[in-house]
Number of protein chains: 2
Amino acid sequence: MSAAQLRRLIRNRQWSKPTTGLAPGWVQANLVMLPKEEAFHFLLFCVRNPKPCPILDVLEPGQTEPRIAPGADLRTDLPKYRVYEKGVLKAEVEEVGHLFHKDMVSFLLGCSFSFENAMLAAGLPIRNMEEGKNVSMYITSKPCASAGPFSCPMVVSMRPMTPEQAVRAVQVTTRFHLTHGAPVHMGSPEAIGIQDLNKPEFGDPVTICAGEIPVFWACGVTSTLAAISACLPLVITHAPGHMFVSDLKDEHLTLL
Amino acid sequence: MSAAQLRRLIRNRQWSKPTTGLAPGWVQANLVMLPKEEAFHFLLFCVRNPKPCPILDVLEPGQTEPRIAPGADLRTDLPKYRVYEKGVLKAEVEEVGHLFHKDMVSFLLGCSFSFENAMLAAGLPIRNMEEGKNVSMYITSKPCASAGPFSCPMVVSMRPMTPEQAVRAVQVTTRFHLTHGAPVHMGSPEAIGIQDLNKPEFGDPVTICAGEIPVFWACGVTSTLAAISACLPLVITHAPGHMFVSDLKDEHLTLL
């Protein structure tokens, strides 16, 4: 199934579940929509924090058709959205045409699904996939660089592997600098403020085998935390795991 | 001489000439200052055109101390500035404290000086240095992706070398993705709208030897063209070759 075919299913309400593993090879993206008055500062936040918030596309105020997916409509083409008012989650909905207005700006940010295919191709383990779970995500003690009213700690995702596999994982994911790139930490959860690997703030805990270390990548959930940190009147994001699927291919985003 | 020492000389008016070759190893940057009303769209222009306009730092409205050079002041620490009103060059000055105001935003963008050191270290020729000239720069027929009122063609710099050297130059400069990265074209000037290599729009013509091809990199002068394209009441840039010298080292900017 191509990205365009998947988006058509979603728009027609024939798919409303997570997009993990669907349309493999096409780049999936985190979505943030917010009022144009704060668009400069949010864009600045992303520019200052490129590892958690790598920018794939930013639309001009009121626009809904991304440059990275001609013909798509960001108001209807994600399976599930979250609506925040003054920083508080108010609703989870399947389309946002009634909420989006001409003074809102949409941001599409890279997602680690892109490098997971490359990791699998390199023979590296993705434990959450093996166990049929969502990846483990943690709020760290590492502050992001703030911009205007946007300020939050970095969120990371974690995949356990042997130190030898971790070396290969650094090499494989470095190429994907627009989808979080190389790890931000490995080995010592407590050094980045994670008390208990079995209690992730988002997603599910996974098994860590003897001889494995936890490897941490910057995570796109950071962008949601940042967006709601400003307590704006309205912020719309994708619901976790329910991403926007673009017409870019993973290989388009690699540097080498 | 370190970057900080050079900036002190400049601030004290003891240096007002180009910064080429000074404080080697420290990252030099293009400067654009413009009114905050258009800061979102100019930042968007840079995000959409990362090869000619790689973002090193963006300051919040009214701020003058970059994050990439603590203690520096962008109003005084460049040897020469250009002042544009409604898109027209009005003056060349040595400081802009009397013009900069609290509603202006400053952008610092990468410059090819960073990868020239790496090219020299790799034994590659930089003809303009050999001949004591400024690099040849051309306005191409390749349009940049526009954003709001900002729209212009891409400007490129050109260095002649053999095809074998060009292969090595691609490898060497790919690492420097925040200072223009890999070439955007090589071999056929006419394919990108350049009629005569001996008549660059900016800088000087250089000798092209038998067996050499022209290799083209995206050029930071594009950011000046973009900034003045919107005919804003006030835009301030560095004067060509008179760059801001930051506390970043070239190696900080490499991906690998």
# chains A, B, ... in the order shown; residues from 1 in each chain; ligands from 1
$ residues_around --residues "Val245 (chain B)" --least-positions-apart "6" --cutoff "12 Å" --atoms "only C-alpha atoms" --output "number ranges by chain"
B: 1-11, 18-31, 56, 66, 68-70, 72-74, 77-79, 108-111, 113-114, 238
$ select_by_dssp --residues "region 14-185 of chain B" --states "helix (DSSP H, G or I)" --output "ChimeraX atom specification"
/B:36-48,113-121,127-130,163-174,177-179
$ atom_distance --atom1 "CA of Ser223 (chain B)" --atom2 "CA of Gly62 (chain B)"
20.2 Å
$ closest_residue --among "A:Pro163, A:Gly181, A:Gly211, A:Pro240" --to "chain B" --atoms "only C-alpha atoms"
A:Gly181
$ closest_atom_pairs --of "chain A" --to "chain B" --cutoff "10 Å" --atoms "only C-alpha atoms" --output "CSV"
residue,atom,partner,partner_atom,distance
A:Lys36,CA,B:Phe40,CA,9.0
A:Glu37,CA,B:Phe40,CA,9.4
A:Glu38,CA,B:Phe40,CA,9.1
A:Ala39,CA,B:Phe40,CA,6.7
A:Phe40,CA,B:Phe40,CA,4.4
A:His41,CA,B:Phe40,CA,8.0
A:Phe42,CA,B:Phe40,CA,9.5
A:Leu43,CA,B:Phe40,CA,7.6
A:Leu44,CA,B:Val58,CA,7.3
A:Val47,CA,B:Ile55,CA,7.8
A:Arg48,CA,B:Asp57,CA,7.9
A:Ile55,CA,B:Val47,CA,7.8
A:Leu56,CA,B:Val47,CA,9.0
A:Asp57,CA,B:Arg48,CA,7.9
A:Val58,CA,B:Leu44,CA,7.3
A:Leu59,CA,B:Leu44,CA,8.8
A:Glu60,CA,B:Gly148,CA,7.5
A:Pro61,CA,B:Gly148,CA,9.6
A:Ala147,CA,B:Glu60,CA,7.7
A:Gly148,CA,B:Glu60,CA,7.5
A:Gln171,CA,B:Leu256,CA,9.3
A:Thr174,CA,B:Leu256,CA,7.7
A:Arg175,CA,B:Leu255,CA,8.7
A:His177,CA,B:Leu255,CA,8.3
A:Gly181,CA,B:Leu255,CA,9.6
A:Ala182,CA,B:Leu255,CA,9.6
A:Leu255,CA,B:Thr174,CA,7.7
A:Leu256,CA,B:Thr174,CA,7.7
$ atom_distance --atom1 "CA of Pro52 (chain B)" --atom2 "CA of Phe176 (chain A)"
20.5 Å
